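A.B. asks: Sharing a structure with you now.
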Amino acid sequence: MTSCQTQYLLLLLLSVGVSAVEVQRPRGVPLSKRQFYEEGKPFTCLDGSRTIPFDRVNDDYCDCKDGSDEPGTAACPNGSFHCTNAGFRPGFIPSSRINDGICDCCDTTDEYNSGAACQNTCRDLGRKERESLQKMAEITKEGFLLKQQLIQEAKRGLEEKKAKQADIQIGKKDLEARVEALRTVKETAEQPEKEAKERHLKAWEEQKAVIQMEKDKAKMAEVLSELDDDADGSVSVAELLSHSELDPDSDGSFTEAEAQGLLGGVDNVDSVAFESVWNNIKDKYASEQANTETPAEVETTVEEVREPPSDNDSEQYPEEDIPEEEEEDDDEEDEEEDQEDGDYKQSPPPTQTPDKKEDDDEGTMPPFDQETQNLIDAAQKARDAFDEAERALREVDDQVKNLEKEISFDFGPNAEFAYLYSQCYELSTSEYIYRLCPFNRMSQKPKFGGSETNLGSWGHWSGPEDNIYSLMKYEHGTGCWQGPNRSTTIKLTCGKETVVISVSEPSRCEYLMEFITPAICQEPPSLDAALHGHEEL
């Protein structure tokens, strides 16, 4: 029986006056043990340790070890006194409080011989408790009615989700077929594109080879002219020795034998034969024109390469260190300049160019011919269509997974907690804002700035076996300094609203939250059930 049902049961008992019935029995004996105290018959201690004459019950002397022979006196240190409390709830107090001058029982029966001026407050207490229980009973009743609505809504929601899931599965099959069809179209379009690009690249490589060959021949003729000092149309060993950079072993000594080796083992080669030895010298040859530069010209060339010092002081620092205001001013000025430039010039429209970088020697690969460009455009269009369909399929897969997860989730015996899914609830305290997203996570954020702390992610229902849905457990939150990971237990309380009412930290890094929801409300017991089970109270 839950606490709400117990409280409702108390209200019914108080309302019908069950506990107000007075039954004759020895002082301090509860009604449930009256059969053990029969006047005129020997009394057996409730622990069975001994039997004594009945006139020794409540004689202010402790005969039984368990104190059961003195229920109405303070003789036994371990005894207990039953307060009848007619009009209110009965209860027990330690026997040491009997006749101690302090009124413990609202019906004053514990101070029968102390002379204390006690007043019977049971009826007043009973009235107040009935009012409180009546209010709680109304909340429980209304909460239970709301729970029935939540169950019906969850049932409809589940049917809708299953229908949506079926529709999505059908659509998914169509989409999968479309993706495969577009994949075939894409691959079909990419094959001629690839072949056309390869043909274009091959033609460009051949063209570059011709250009390079022509440049090489021109360079060879230039070098022949520079080496032919006597202008006889040939190059001799003596003429070659004037270029020490051609020394094959670079040992600083360019000999005639080495020069002769470069010329193919002869002393002289004409223009035709020079072509056959050109490869021996072209990589090391330094032009005489380059060697005629004066030191002053070289120094000027070096100075031109160097960057002049910048007048902008901000370049001394990393870009991210520039003050934000200056960056914003610079951005605004750049935007204004862009706008002004736009009045006088327009950017050329984008064109499709081959995926090749410029080459200083051979130039830039020429644009694709129209036929190749058409193949590229067709293949790109097929790729775009395939990518779009594949992206749509991934989105459908995500929808299916989310629906399957939600449909299979444990939202209670009748899915009464399903309405909490994808919702979040907050509680603001003097320092923090606590945020509970049921079945997801629990977090804490400082109220006046600071990062959010994870107090746990959804773990499982953790209530007792007979009421497992009364507690939620959130685990594996942010770790505490030199401590465990944070975790939170959510205690669910019956109510008409859905709201967080308190958060505490009873143990380090372990939080406790009280959460009101109608989904936890139980059906109030009937009057017949209350009357039948009043002995349990």
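All residue names refer to the structure tokens as shown: chains lettered A, B, ... in order, residues numbered from 1 in each chain, ligands numbered from 1 in order.
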Write out as an MDAnalysis selection string all residues of segment 364-502 of chain A that backbone DSSP assigns to strand (DSSP E or B).
C.D. replies: chainID A and resid 425:428 432:437 441:446 453:461 471:475 479 485 487:493 499:502
A.B. asks: Please provide the set of residues having any atom within 9 Å of His476 of chain A, restricted to only C-alpha atoms, with same-chain residues fewer than 5 positions apart removed, written as a list in words.
C.D. replies: Asn454, Leu455, Gly456, Ser457, Trp458, Gly459, Pro484, Asn485, Arg486 and Ser487 of chain A
A.B. asks: As JSON, numbers by chain, please: every residue in segment 36-277 of chain A that DSSP puts in alpha helix (DSSP H).
C.D. replies: {"A": [122, 123, 124, 125, 126, 127, 128, 129, 130, 131, 132, 133, 134, 135, 136, 137, 138, 139, 140, 141, 142, 143, 144, 145, 146, 147, 148, 149, 150, 151, 152, 153, 154, 155, 156, 157, 158, 159, 160, 161, 162, 163, 164, 165, 166, 167, 168, 169, 170, 171, 172, 173, 174, 175, 176, 177, 178, 179, 180, 181, 182, 183, 184, 185, 186, 187, 188, 189, 190, 191, 192, 193, 194, 195, 196, 197, 198, 199, 200, 201, 202, 203, 204, 205, 206, 207, 208, 209, 210, 211, 212, 213, 214, 215, 216, 217, 218, 219, 220, 221, 222, 223, 224, 225, 226, 227, 237, 238, 239, 240, 256, 257, 258, 259, 260, 261, 262, 271, 272, 273, 274, 275, 276, 277]}
A.B. asks: Of the candidates A:Cys521, A:Cys118, A:Cys45, A:Ile501, which shows the shortest atom-to-atom distance to Asn467 of chain A, using only C-alpha atoms?
C.D. replies: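 Among the listed residues, A:Cys521 lies closest to Asn467 of chain A.
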A.B. asks: Could you check the closest approach to Cys480 of chain A for each of A:Ile468, A:Leu224, A:Cys509, A:Ala177 and tell me which residue wins, using only C-alpha atoms?
C.D. replies: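 Closest to Cys480 of chain A, using only C-alpha atoms: A:Cys509.
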